[in-house]
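Novice: Sharing final.tsv here; it has TSV, C-alpha atoms and all ligand atoms.
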chain	number	residue	atom	x	y	z
G	151	MET	CA	0.00	0.00	0.00
G	152	ASN	CA	1.35	3.37	-1.02
G	153	ILE	CA	0.88	5.96	1.73
G	154	GLN	CA	1.32	9.51	0.39
G	155	ARG	CA	-1.16	11.82	2.08
G	156	ILE	CA	-1.35	11.95	5.83
G	157	SER	CA	-3.76	13.68	8.19
G	158	VAL	CA	-3.01	14.19	11.85
G	159	ILE	CA	-5.97	14.90	14.12
G	160	GLY	CA	-5.09	16.97	17.18
G	161	ALA	CA	-2.42	19.70	17.23
G	162	GLY	CA	-1.42	19.20	20.88
G	163	THR	CA	2.01	18.05	22.09
G	164	MET	CA	1.86	14.64	20.41
G	165	GLY	CA	-0.09	15.68	17.30
G	166	ASN	CA	2.22	18.55	16.39
G	167	GLY	CA	5.28	16.36	16.98
G	168	ILE	CA	3.83	13.64	14.72
G	169	ALA	CA	2.98	16.15	11.97
G	170	HIS	CA	6.51	17.60	12.30
G	171	VAL	CA	8.19	14.19	11.80
G	172	PHE	CA	6.05	13.16	8.80
G	173	ALA	CA	6.54	16.54	7.10
G	174	GLN	CA	10.28	16.48	7.79
G	175	ASN	CA	10.38	13.15	5.95
G	176	GLY	CA	8.70	14.55	2.83
G	177	PHE	CA	5.02	13.77	3.44
G	178	SER	CA	2.19	16.26	2.90
G	179	VAL	CA	0.34	16.54	6.17
G	180	SER	CA	-2.96	18.13	6.99
G	181	LEU	CA	-3.09	19.01	10.67
G	182	VAL	CA	-6.67	19.06	11.94
G	183	ASP	CA	-7.98	20.58	15.16
G	184	VAL	CA	-11.22	22.16	16.29
G	185	THR	CA	-10.00	25.70	16.92
G	186	GLU	CA	-7.72	28.14	15.11
G	187	SER	CA	-5.93	28.89	18.36
G	188	ALA	CA	-5.05	25.20	18.94
G	189	LEU	CA	-3.68	25.03	15.39
G	190	GLN	CA	-1.68	28.24	15.76
G	191	LYS	CA	-0.16	26.97	19.02
G	192	GLY	CA	0.71	23.64	17.38
G	193	ILE	CA	2.32	25.30	14.35
G	194	GLU	CA	4.27	27.66	16.61
G	195	THR	CA	5.63	24.67	18.57
G	196	ILE	CA	6.68	22.98	15.31
G	197	ARG	CA	8.39	26.21	14.21
G	198	GLN	CA	10.33	26.42	17.51
G	199	ASN	CA	11.34	22.75	17.41
G	200	LEU	CA	12.49	23.10	13.78
G	201	SER	CA	14.61	26.12	14.64
G	202	ARG	CA	16.10	24.13	17.53
G	203	GLN	CA	17.08	21.46	14.96
G	204	VAL	CA	18.53	24.13	12.65
G	205	LYS	CA	20.61	25.56	15.54
G	206	LYS	CA	21.92	22.06	16.30
G	207	ALA	CA	22.71	21.59	12.58
G	208	VAL	CA	20.42	18.54	12.43
G	209	LEU	CA	18.44	20.30	9.67
G	210	SER	CA	19.22	23.05	7.15
G	211	GLU	CA	17.24	26.30	7.14
G	212	ALA	CA	15.84	25.34	3.70
G	213	ASP	CA	14.69	21.91	4.95
G	214	ALA	CA	13.02	23.50	7.97
G	215	THR	CA	11.13	25.93	5.71
G	216	ALA	CA	10.13	23.09	3.36
G	217	THR	CA	8.97	20.97	6.33
G	218	LEU	CA	6.69	23.74	7.56
G	219	GLY	CA	5.44	24.26	3.98
G	220	ARG	CA	4.27	20.65	3.80
G	221	ILE	CA	1.92	21.10	6.80
G	222	THR	CA	-1.57	22.47	6.12
G	223	PRO	CA	-3.44	23.40	9.28
G	224	THR	CA	-7.23	23.21	9.09
G	225	THR	CA	-10.33	23.29	11.27
G	226	GLY	CA	-12.31	21.52	8.53
G	227	PHE	CA	-12.62	17.89	9.63
G	228	VAL	CA	-14.00	16.45	6.39
G	229	SER	CA	-11.74	18.46	4.05
G	230	GLY	CA	-8.78	17.63	6.33
G	231	VAL	CA	-9.20	13.83	6.14
G	232	GLU	CA	-11.11	13.00	2.93
G	233	HIS	CA	-8.02	12.49	0.74
G	234	ALA	CA	-5.82	10.87	3.38
G	235	ASP	CA	-4.23	7.45	2.90
G	236	LEU	CA	-3.40	7.46	6.60
G	237	VAL	CA	-5.01	9.33	9.48
G	238	VAL	CA	-3.07	9.52	12.73
G	239	GLU	CA	-5.42	10.35	15.57
G	240	ALA	CA	-3.89	12.17	18.53
G	241	VAL	CA	-6.95	13.63	20.29
G	242	ALA	CA	-7.56	13.69	24.07
G	243	GLU	CA	-7.42	10.35	25.89
G	244	ASN	CA	-11.16	10.24	26.46
G	245	ASN	CA	-13.34	7.35	25.31
G	246	ASP	CA	-16.31	9.55	24.35
G	247	ILE	CA	-14.18	11.93	22.26
G	248	LYS	CA	-12.30	9.05	20.58
G	249	SER	CA	-15.54	7.20	19.84
G	250	GLN	CA	-17.01	10.29	18.17
G	251	VAL	CA	-13.83	10.81	16.12
G	252	TYR	CA	-13.79	7.18	14.86
G	253	HIS	CA	-17.47	7.32	13.92
G	254	SER	CA	-16.81	10.52	11.95
G	255	LEU	CA	-13.65	9.11	10.35
G	256	ALA	CA	-15.58	6.08	9.09
G	257	GLU	CA	-17.89	8.50	7.25
G	258	ALA	CA	-15.35	11.02	6.01
G	259	THR	CA	-12.32	8.97	4.89
G	260	LYS	CA	-11.71	6.74	1.85
G	261	PRO	CA	-12.64	3.10	2.59
G	262	SER	CA	-8.99	2.14	2.09
G	263	ALA	CA	-7.64	4.74	4.54
G	264	ILE	CA	-5.68	3.44	7.52
G	265	LEU	CA	-6.73	4.87	10.88
G	266	ALA	CA	-3.83	4.87	13.34
G	267	SER	CA	-4.23	5.96	16.94
G	268	ASN	CA	-1.50	7.48	19.07
G	269	THR	CA	-3.42	6.42	22.17
G	270	SER	CA	-1.26	5.58	25.19
G	271	SER	CA	-3.77	3.21	26.75
G	272	ILE	CA	-7.17	3.00	25.04
G	273	SER	CA	-7.80	-0.39	23.40
G	274	ILE	CA	-7.11	-0.47	19.64
G	275	THR	CA	-9.64	-3.31	19.34
G	276	TRP	CA	-12.28	-1.04	20.88
G	277	LEU	CA	-11.35	1.86	18.55
G	278	GLY	CA	-11.61	-0.57	15.61
G	279	ALA	CA	-15.13	-1.49	16.70
G	280	GLN	CA	-16.09	2.22	16.86
G	281	SER	CA	-14.88	2.75	13.29
G	282	LYS	CA	-16.67	-0.35	11.92
G	283	ARG	CA	-13.49	-0.80	9.84
G	284	ALA	CA	-11.42	-2.71	12.36
G	285	GLY	CA	-9.05	-4.22	9.78
G	286	ASN	CA	-7.77	-0.72	8.97
G	287	VAL	CA	-7.30	0.39	12.59
G	288	ILE	CA	-3.94	0.14	14.34
G	289	GLY	CA	-1.94	1.81	17.12
G	290	MET	CA	0.98	4.05	16.25
G	291	HIS	CA	2.21	5.06	19.69
G	292	PHE	CA	4.82	7.82	19.53
G	293	PHE	CA	6.86	9.20	22.45
G	294	ASN	CA	7.40	12.72	23.66
G	295	PRO	CA	9.33	14.65	22.34
G	296	VAL	CA	8.32	13.00	19.05
G	297	PRO	CA	11.12	14.49	16.89
G	298	VAL	CA	13.69	13.06	19.33
G	299	MET	CA	12.40	9.69	20.56
G	300	LYS	CA	13.14	6.81	18.17
G	301	LEU	CA	10.44	4.38	19.30
G	302	VAL	CA	7.03	3.81	17.77
G	303	GLU	CA	4.98	1.03	19.35
G	304	ILE	CA	2.92	-0.55	16.57
G	305	VAL	CA	-0.14	-1.96	18.31
G	306	ARG	CA	-2.12	-4.68	16.55
G	307	GLY	CA	-5.78	-4.76	17.52
G	308	TYR	CA	-7.68	-8.05	17.53
G	309	GLU	CA	-8.82	-7.47	13.94
G	310	THR	CA	-6.02	-5.35	12.48
G	311	SER	CA	-5.22	-6.78	9.04
G	312	ASP	CA	-1.77	-7.89	7.94
G	313	THR	CA	-1.89	-5.31	5.11
G	314	THR	CA	-2.52	-2.48	7.56
G	315	TYR	CA	0.18	-3.72	9.91
G	316	GLN	CA	2.82	-4.13	7.19
G	317	ALA	CA	2.09	-0.70	5.68
G	318	VAL	CA	2.34	1.08	9.03
G	319	PHE	CA	5.45	-0.78	10.16
G	320	ALA	CA	7.23	0.08	6.89
G	321	LEU	CA	6.10	3.70	7.16
G	322	ALA	CA	7.49	4.05	10.70
G	323	GLU	CA	10.87	2.88	9.38
G	324	LYS	CA	10.62	5.30	6.44
G	325	ILE	CA	10.35	8.27	8.83
G	326	GLY	CA	13.47	7.16	10.70
G	327	LYS	CA	11.77	5.58	13.69
G	328	SER	CA	12.36	2.13	15.20
G	329	PRO	CA	9.00	0.34	15.27
G	330	VAL	CA	8.29	-2.43	17.78
G	331	THR	CA	5.25	-4.68	17.37
G	332	VAL	CA	3.03	-5.28	20.38
G	333	GLN	CA	-0.38	-6.85	20.87
G	334	ASP	CA	-3.38	-4.95	22.19
G	335	TYR	CA	-3.30	-5.45	25.97
G	336	PRO	CA	-3.68	-2.68	28.58
G	337	GLY	CA	-0.78	-0.21	28.53
G	338	PHE	CA	0.84	-2.13	25.63
G	339	VAL	CA	4.50	-2.68	26.65
G	340	SER	CA	5.75	0.88	27.22
G	341	ASN	CA	3.20	2.09	29.71
G	342	ARG	CA	2.72	-1.29	31.38
G	343	ILE	CA	6.35	-1.05	32.49
G	344	LEU	CA	6.87	2.72	32.75
G	345	MET	CA	3.74	3.67	34.70
G	346	PRO	CA	4.11	1.19	37.58
G	347	MET	CA	7.66	2.54	38.04
G	348	ILE	CA	6.36	6.13	38.18
G	349	ASN	CA	3.52	5.01	40.49
G	350	GLU	CA	6.02	3.32	42.83
G	351	ALA	CA	8.13	6.50	42.91
G	352	ILE	CA	4.98	8.38	43.99
G	353	TYR	CA	4.41	5.81	46.78
G	354	CYS	CA	7.98	6.56	47.91
G	355	VAL	CA	7.05	10.28	48.15
G	356	MET	CA	3.80	9.49	49.98
G	357	GLU	CA	5.56	7.25	52.51
G	358	GLY	CA	8.36	9.79	53.04
G	359	VAL	CA	11.07	7.39	51.86
G	360	ALA	CA	12.91	10.32	50.23
G	361	THR	CA	12.22	13.72	48.66
G	362	PRO	CA	11.13	13.94	44.99
G	363	GLN	CA	14.54	15.43	44.13
G	364	ASP	CA	16.39	12.54	45.80
G	365	ILE	CA	14.14	9.86	44.30
G	366	ASP	CA	14.82	11.30	40.85
G	367	MET	CA	18.54	11.53	41.58
G	368	VAL	CA	18.60	7.80	42.49
G	369	MET	CA	17.18	6.86	39.09
G	370	ARG	CA	19.26	9.36	37.10
G	371	LEU	CA	22.62	8.66	38.68
G	372	GLY	CA	22.09	5.03	39.67
G	373	MET	CA	20.22	3.78	36.62
G	374	ALA	CA	21.24	6.34	33.98
G	375	HIS	CA	17.66	7.40	33.23
G	376	PRO	CA	17.70	10.75	31.39
G	377	MET	CA	14.98	12.09	33.73
G	378	GLY	CA	13.90	10.84	37.16
G	379	PRO	CA	10.43	9.22	37.33
G	380	LEU	CA	8.82	12.20	39.08
G	381	ALA	CA	10.19	14.77	36.63
G	382	LEU	CA	9.00	12.44	33.87
G	383	ALA	CA	5.54	12.19	35.47
G	384	ASP	CA	5.36	16.01	35.47
G	385	PHE	CA	6.50	16.04	31.82
G	386	ILE	CA	3.86	13.47	30.75
G	387	GLY	CA	1.09	15.01	32.91
G	388	LEU	CA	-0.11	13.56	36.22
G	389	ASP	CA	-3.67	13.24	34.85
G	390	VAL	CA	-2.35	11.11	31.98
G	391	CYS	CA	-0.34	8.94	34.43
G	392	LEU	CA	-3.44	8.44	36.61
G	393	SER	CA	-5.65	7.55	33.70
G	394	ILE	CA	-3.11	4.98	32.43
G	395	MET	CA	-2.82	3.42	35.93
G	396	ASP	CA	-6.63	3.21	36.04
G	397	VAL	CA	-6.65	1.45	32.65
G	398	LEU	CA	-3.98	-1.04	33.83
G	399	HIS	CA	-5.80	-1.68	37.12
G	400	ARG	CA	-9.18	-2.15	35.49
G	401	GLY	CA	-7.94	-3.98	32.40
G	402	ILE	CA	-5.59	-6.45	34.05
G	403	GLY	CA	-7.48	-6.65	37.36
G	404	ASP	CA	-4.38	-7.04	39.50
G	405	ASP	CA	-4.00	-4.78	42.57
G	406	LYS	CA	-0.30	-4.34	41.86
G	407	TYR	CA	-1.50	-1.68	39.39
G	408	ARG	CA	-3.54	0.32	41.94
G	409	PRO	CA	-2.87	4.06	41.46
G	410	CYS	CA	-1.09	5.70	44.40
G	411	PRO	CA	-3.58	7.76	46.49
G	412	LEU	CA	-1.13	10.70	46.42
G	413	LEU	CA	-1.28	10.71	42.60
G	414	ARG	CA	-5.07	10.80	42.73
G	415	ASN	CA	-5.03	13.62	45.31
G	416	MET	CA	-2.63	15.74	43.27
G	417	VAL	CA	-4.74	15.35	40.12
G	418	THR	CA	-7.92	16.19	42.06
G	419	ALA	CA	-6.19	19.32	43.41
G	420	GLY	CA	-5.27	20.40	39.86
G	421	LEU	CA	-1.53	19.68	40.14
G	422	LEU	CA	-0.98	18.15	36.73
G	423	GLY	CA	2.76	18.73	36.31
G	424	LYS	CA	4.46	20.96	33.75
G	425	LYS	CA	1.28	21.93	31.89
G	426	SER	CA	-0.41	23.31	35.05
G	427	GLY	CA	2.79	24.90	36.41
G	428	LYS	CA	2.98	22.59	39.43
G	429	GLY	CA	3.40	18.88	40.09
G	430	PHE	CA	6.28	17.30	41.98
G	431	TYR	CA	8.22	20.40	40.87
G	432	SER	CA	7.21	24.00	40.14
G	433	TYR	CA	7.52	25.45	36.62
Y	501	LIG	N1	11.95	18.80	19.21
Y	501	LIG	C1	13.12	18.63	18.60
Y	501	LIG	N2	14.28	18.41	19.29
Y	501	LIG	C2	14.21	18.39	20.64
Y	501	LIG	C3	12.99	18.56	21.34
Y	501	LIG	C4	11.82	18.77	20.56
Y	501	LIG	N3	10.64	18.93	21.14
Y	501	LIG	N4	13.25	18.47	22.68
Y	501	LIG	C5	14.56	18.23	22.81
Y	501	LIG	N5	15.15	18.19	21.59
Y	501	LIG	C6	16.54	17.87	21.28
Y	501	LIG	C7	17.50	18.93	21.70
Y	501	LIG	O1	17.70	19.88	20.69
Y	501	LIG	C8	18.78	18.12	21.97
Y	501	LIG	O2	19.41	17.84	20.74
Y	501	LIG	P1	20.99	17.40	20.67
Y	501	LIG	O3	21.12	16.07	21.33
Y	501	LIG	O4	21.26	17.33	19.20
Y	501	LIG	O5	21.74	18.47	21.38
Y	501	LIG	C9	18.26	16.81	22.52
Y	501	LIG	O6	16.90	16.71	22.07
Y	501	LIG	C10	18.30	16.80	24.01
Y	501	LIG	O7	17.57	17.94	24.50
Y	501	LIG	P2	18.10	18.99	25.58
Y	501	LIG	O8	19.60	19.12	25.48
Y	501	LIG	O9	17.27	20.21	25.51
Y	501	LIG	O10	17.71	18.35	26.96
Y	501	LIG	P3	18.03	16.95	27.56
Y	501	LIG	O11	19.36	16.44	27.17
Y	501	LIG	O12	17.67	17.10	28.97
Y	501	LIG	O13	16.95	15.99	26.84
Y	501	LIG	C11	14.86	14.94	26.69
Y	501	LIG	C12	15.59	16.26	26.90
Y	501	LIG	C13	15.09	14.47	25.25
Y	501	LIG	C14	13.38	15.21	26.91
Y	501	LIG	C15	15.44	13.89	27.69
Y	501	LIG	O14	15.39	14.37	28.99
Y	501	LIG	C16	14.70	12.57	27.65
Y	501	LIG	O15	14.95	11.73	26.80
Y	501	LIG	N6	13.78	12.40	28.62
Y	501	LIG	C17	12.93	11.21	28.70
Y	501	LIG	C18	11.76	11.41	27.78
Y	501	LIG	C19	10.84	10.27	27.82
Y	501	LIG	O16	10.95	9.31	28.57
Y	501	LIG	N7	9.82	10.36	26.97
Y	501	LIG	C20	8.79	9.36	26.91
Y	501	LIG	C21	7.63	9.82	27.73
Y	501	LIG	S1	6.37	8.63	27.78
Y	501	LIG	C22	5.45	8.94	26.43
Y	501	LIG	O17	5.63	9.87	25.69
Y	501	LIG	C23	4.37	7.94	26.16
Y	501	LIG	C24	3.03	8.31	26.71
Y	501	LIG	O18	2.15	7.28	26.35
Y	501	LIG	C25	2.94	8.54	28.19
Will you turn the file into structure tokens for me?

Specialist:
Amino acid sequence: MNIQRISVIGAGTMGNGIAHVFAQNGFSVSLVDVTESALQKGIETIRQNLSRQVKKAVLSEADATATLGRITPTTGFVSGVEHADLVVEAVAENNDIKSQVYHSLAEATKPSAILASNTSSISITWLGAQSKRAGNVIGMHFFNPVPVMKLVEIVRGYETSDTTYQAVFALAEKIGKSPVTVQDYPGFVSNRILMPMINEAIYCVMEGVATPQDIDMVMRLGMAHPMGPLALADFIGLDVCLSIMDVLHRGIGDDKYRPCPLLRNMVTAGLLGKKSGKGFYSY
């Protein structure tokens, strides 16, 4: 299958990073969001990240300009997706919103279009059922910051076809990423391993084992992690971490995945990490 035209739905942190990487690798991308302001913010982030790459001599000025030129921002859902060979969905991690998007995509896209979700924890099999085109639905789970992180988890839903899988795997390689194939179980591989570690670090804070700074220092200096688990939780968003722990707990049914009460309290209090200005650290 020849994938040429790509639509990315959602211009937030992940969506703009995904659009950036596809455009940098020569693809025309339409970037779809519901408001002009969300699109402007997304495009501005791409512009800043491109100029960071130019400064580091990863990219020439001309390539950065061409990359930006290949991205068409639009608030028109139908016009943004109707010609796409591949739609990458990166909307909020909310079942109702996702369900609505997949119903609309089934109406608005070509029957052959592949629908890939960047979801970090919602079942690909369930998204396939919403679209009524389950063979064409797959997970393409990118990592933040998308232009930097090499991994893409390719998540096969229960009914994802071999054609869809092979096309998306090859495409991930074409854009310079290292795809890894995983089956559709809660948290896939990445978040099933990462989130319990973050959750355990939060238990260490709650029980007063050490300060957040010291817990992070243990993992940075002792295990060579680029960021400590609490700084990483702030970077990802504490609400996202909580929702993934809830999915693991509910989906696997083992109490070893119970979210730490301190995590729940912080989210309830509005401490969401970097995006809210306060989490385990202040920003
Ligand atoms: N766009 C483009 N380039 C970027 C960038 C961006 N948004 N952010 C950072 N960079 C580049 C920098 O220019 C720099 O390039 P260089 O190596 O050529 O000099 C390089 O990345 C490192 O950046 P910095 O020097 O600014 O800062 P650090 O060395 O502290 O690295 C980091 C920042 C890359 C974020 C690093 O701390 C890191 O790898 N942290 C862990 C990130 C991580 O675990 N991400 C996964 C989160 S989980 C997830 O996304 C899944 C979800 O389901 C929860």

Novice: Between G:Glu309, G:Leu218, G:Glu232, G:Asn286, which is the closest to Thr195 (chain G) once you count all atoms listed in the file?

Specialist: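 Answer, going by the shortest atom-to-atom distance: G:Leu218.
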
Novice: Using only C-alpha atoms, which of the listed residues (G:Pro223, G:Gly401, G:Pro379, G:Gly230) sits closest to Gly337 (chain G)?

Specialist: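 With only C-alpha atoms as the atom set, the closest residue is G:Gly401.
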
Novice: Check the smallest atom-to-atom distance from each of G:Glu239, G:Asp404, G:Asp384, G:Glu323 to ligand LIG 501 (chain Y) using all atoms listed in the file, then report the winner.

Specialist: G:Asp384

Novice: Neighbouring residues of ligand LIG 501 (chain Y) are defined here as those with any atom at most 10 Å from a ligand atom, counting all atoms listed in the file; list them as a ChimeraX atom specification.

Specialist: /G:163-164,166-167,170-171,195-208,268-271,291-299,301-303,337-338,340-342,344-345,375-379,381-383,385-388,390-391,394

Novice: Mind listing whatever residues come within 8 Å of the point (-4.6, -3.3, 14.3)? Use all atoms listed in the file, file coordinates, and give them as a list of chain:residue names.

Specialist: G:Ile274, G:Thr275, G:Gly278, G:Ala284, G:Gly285, G:Asn286, G:Val287, G:Ile288, G:Gly289, G:Val305, G:Arg306, G:Gly307, G:Tyr308, G:Glu309, G:Thr310, G:Ser311, G:Thr314, G:Tyr315

Novice: With a distance cut-off of 12 Å and all atoms listed in the file, select the neighbouring residues of Ile402 (chain G), excluding the residue or stretch itself and same-chain residues fewer than 3 positions from it, and output the selection as a ChimeraX atom specification.

Specialist: /G:335-338,342,394-399,405-408

Novice: So, with only C-alpha atoms as the atoms that count, which of G:Gln316, G:Ser393, G:Thr185, G:Ser328 lies closest to Asn245 (chain G)?

Specialist: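 Result for the nearest residue to Asn245 (chain G): G:Ser393.
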
Novice: For region 417-420 of chain G, list every protein, DNA or RNA residue within 8 Å, evaluated using all atoms listed in the file, and leave out those in the same chain fewer than 5 positions away; present the list as an NGL selection string.

Specialist: :G and (388-389 or 392 or 426)

Novice: Go ahead and save the residues from that selection, with C-alpha atoms, as a CSV table (one decimal), keeping the file's coordinate frame.

Specialist:
chain,number,residue,atom,x,y,z
G,388,LEU,CA,-0.1,13.6,36.2
G,389,ASP,CA,-3.7,13.2,34.8
G,392,LEU,CA,-3.4,8.4,36.6
G,426,SER,CA,-0.4,23.3,35.0

Novice: Determine the nearest neighbour of Met347 (chain G) from the options G:Ile304, G:Arg220, G:Pro362, G:Met369, counting all atoms listed in the file.

Specialist: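 Nearest to Met347 (chain G): G:Met369.
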
Novice: What is the distance, in Å and to one decimal place, between CA of Ser178 (chain G) and CA of Val241 (chain G)?

Specialist: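 So the two atoms, CA of Ser178 (chain G) and CA of Val241 (chain G), lie 19.8 Å apart.
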
Novice: Missing atoms in region 306-330 of chain G should be modelled up to N, CA and C atoms and reported as a PDB file, keeping the file's coordinate frame.

Specialist:
ATOM      1  N   ARG G 306      -1.164  -3.929  17.388  1.00  0.00           N
ATOM      2  CA  ARG G 306      -2.120  -4.680  16.550  1.00  0.00           C
ATOM      3  C   ARG G 306      -3.371  -4.986  17.350  1.00  0.00           C
ATOM      4  N   GLY G 307      -4.509  -4.437  16.890  1.00  0.00           N
ATOM      5  CA  GLY G 307      -5.780  -4.760  17.520  1.00  0.00           C
ATOM      6  C   GLY G 307      -6.184  -6.179  17.137  1.00  0.00           C
ATOM      7  N   TYR G 308      -7.250  -6.673  17.757  1.00  0.00           N
ATOM      8  CA  TYR G 308      -7.680  -8.050  17.530  1.00  0.00           C
ATOM      9  C   TYR G 308      -7.943  -8.305  16.042  1.00  0.00           C
ATOM     10  N   GLU G 309      -8.464  -7.270  15.344  1.00  0.00           N
ATOM     11  CA  GLU G 309      -8.820  -7.470  13.940  1.00  0.00           C
ATOM     12  C   GLU G 309      -7.966  -6.691  12.949  1.00  0.00           C
ATOM     13  N   THR G 310      -6.886  -6.091  13.417  1.00  0.00           N
ATOM     14  CA  THR G 310      -6.020  -5.350  12.480  1.00  0.00           C
ATOM     15  C   THR G 310      -5.508  -6.297  11.386  1.00  0.00           C
ATOM     16  N   SER G 311      -5.633  -5.877  10.134  1.00  0.00           N
ATOM     17  CA  SER G 311      -5.220  -6.780   9.040  1.00  0.00           C
ATOM     18  C   SER G 311      -3.704  -6.775   8.875  1.00  0.00           C
ATOM     19  N   ASP G 312      -3.205  -7.811   8.222  1.00  0.00           N
ATOM     20  CA  ASP G 312      -1.770  -7.890   7.940  1.00  0.00           C
ATOM     21  C   ASP G 312      -1.341  -6.747   7.014  1.00  0.00           C
ATOM     22  N   THR G 313      -2.230  -6.391   6.056  1.00  0.00           N
ATOM     23  CA  THR G 313      -1.890  -5.310   5.110  1.00  0.00           C
ATOM     24  C   THR G 313      -1.694  -4.002   5.861  1.00  0.00           C
ATOM     25  N   THR G 314      -2.624  -3.715   6.775  1.00  0.00           N
ATOM     26  CA  THR G 314      -2.520  -2.480   7.560  1.00  0.00           C
ATOM     27  C   THR G 314      -1.224  -2.494   8.371  1.00  0.00           C
ATOM     28  N   TYR G 315      -0.994  -3.598   9.047  1.00  0.00           N
ATOM     29  CA  TYR G 315       0.180  -3.720   9.910  1.00  0.00           C
ATOM     30  C   TYR G 315       1.472  -3.521   9.113  1.00  0.00           C
ATOM     31  N   GLN G 316       1.575  -4.215   7.972  1.00  0.00           N
ATOM     32  CA  GLN G 316       2.820  -4.130   7.190  1.00  0.00           C
ATOM     33  C   GLN G 316       3.046  -2.718   6.657  1.00  0.00           C
ATOM     34  N   ALA G 317       1.959  -2.060   6.222  1.00  0.00           N
ATOM     35  CA  ALA G 317       2.090  -0.700   5.680  1.00  0.00           C
ATOM     36  C   ALA G 317       2.570   0.271   6.760  1.00  0.00           C
ATOM     37  N   VAL G 318       2.008   0.135   7.957  1.00  0.00           N
ATOM     38  CA  VAL G 318       2.340   1.080   9.030  1.00  0.00           C
ATOM     39  C   VAL G 318       3.743   0.815   9.586  1.00  0.00           C
ATOM     40  N   PHE G 319       4.099  -0.442   9.674  1.00  0.00           N
ATOM     41  CA  PHE G 319       5.450  -0.780  10.160  1.00  0.00           C
ATOM     42  C   PHE G 319       6.501  -0.206   9.202  1.00  0.00           C
ATOM     43  N   ALA G 320       6.276  -0.417   7.891  1.00  0.00           N
ATOM     44  CA  ALA G 320       7.230   0.080   6.890  1.00  0.00           C
ATOM     45  C   ALA G 320       7.297   1.609   6.915  1.00  0.00           C
ATOM     46  N   LEU G 321       6.138   2.243   7.127  1.00  0.00           N
ATOM     47  CA  LEU G 321       6.100   3.700   7.160  1.00  0.00           C
ATOM     48  C   LEU G 321       6.892   4.247   8.363  1.00  0.00           C
ATOM     49  N   ALA G 322       6.757   3.593   9.498  1.00  0.00           N
ATOM     50  CA  ALA G 322       7.490   4.050  10.700  1.00  0.00           C
ATOM     51  C   ALA G 322       9.000   4.004  10.422  1.00  0.00           C
ATOM     52  N   GLU G 323       9.438   2.969   9.717  1.00  0.00           N
ATOM     53  CA  GLU G 323      10.870   2.880   9.380  1.00  0.00           C
ATOM     54  C   GLU G 323      11.265   3.990   8.401  1.00  0.00           C
ATOM     55  N   LYS G 324      10.354   4.278   7.466  1.00  0.00           N
ATOM     56  CA  LYS G 324      10.620   5.300   6.440  1.00  0.00           C
ATOM     57  C   LYS G 324      10.824   6.685   7.065  1.00  0.00           C
ATOM     58  N   ILE G 325      10.178   6.946   8.194  1.00  0.00           N
ATOM     59  CA  ILE G 325      10.350   8.270   8.830  1.00  0.00           C
ATOM     60  C   ILE G 325      11.446   8.226   9.900  1.00  0.00           C
ATOM     61  N   GLY G 326      12.282   7.204   9.838  1.00  0.00           N
ATOM     62  CA  GLY G 326      13.470   7.160  10.700  1.00  0.00           C
ATOM     63  C   GLY G 326      13.214   6.676  12.114  1.00  0.00           C
ATOM     64  N   LYS G 327      12.059   6.079  12.345  1.00  0.00           N
ATOM     65  CA  LYS G 327      11.770   5.580  13.690  1.00  0.00           C
ATOM     66  C   LYS G 327      12.108   4.086  13.776  1.00  0.00           C
ATOM     67  N   SER G 328      12.153   3.569  14.991  1.00  0.00           N
ATOM     68  CA  SER G 328      12.360   2.130  15.200  1.00  0.00           C
ATOM     69  C   SER G 328      11.051   1.553  15.713  1.00  0.00           C
ATOM     70  N   PRO G 329      10.275   0.897  14.813  1.00  0.00           N
ATOM     71  CA  PRO G 329       9.000   0.340  15.270  1.00  0.00           C
ATOM     72  C   PRO G 329       9.181  -0.965  16.032  1.00  0.00           C
ATOM     73  N   VAL G 330       8.331  -1.169  17.026  1.00  0.00           N
ATOM     74  CA  VAL G 330       8.290  -2.430  17.780  1.00  0.00           C
ATOM     75  C   VAL G 330       6.840  -2.890  17.780  1.00  0.00           C
TER      76      VAL G 330
END
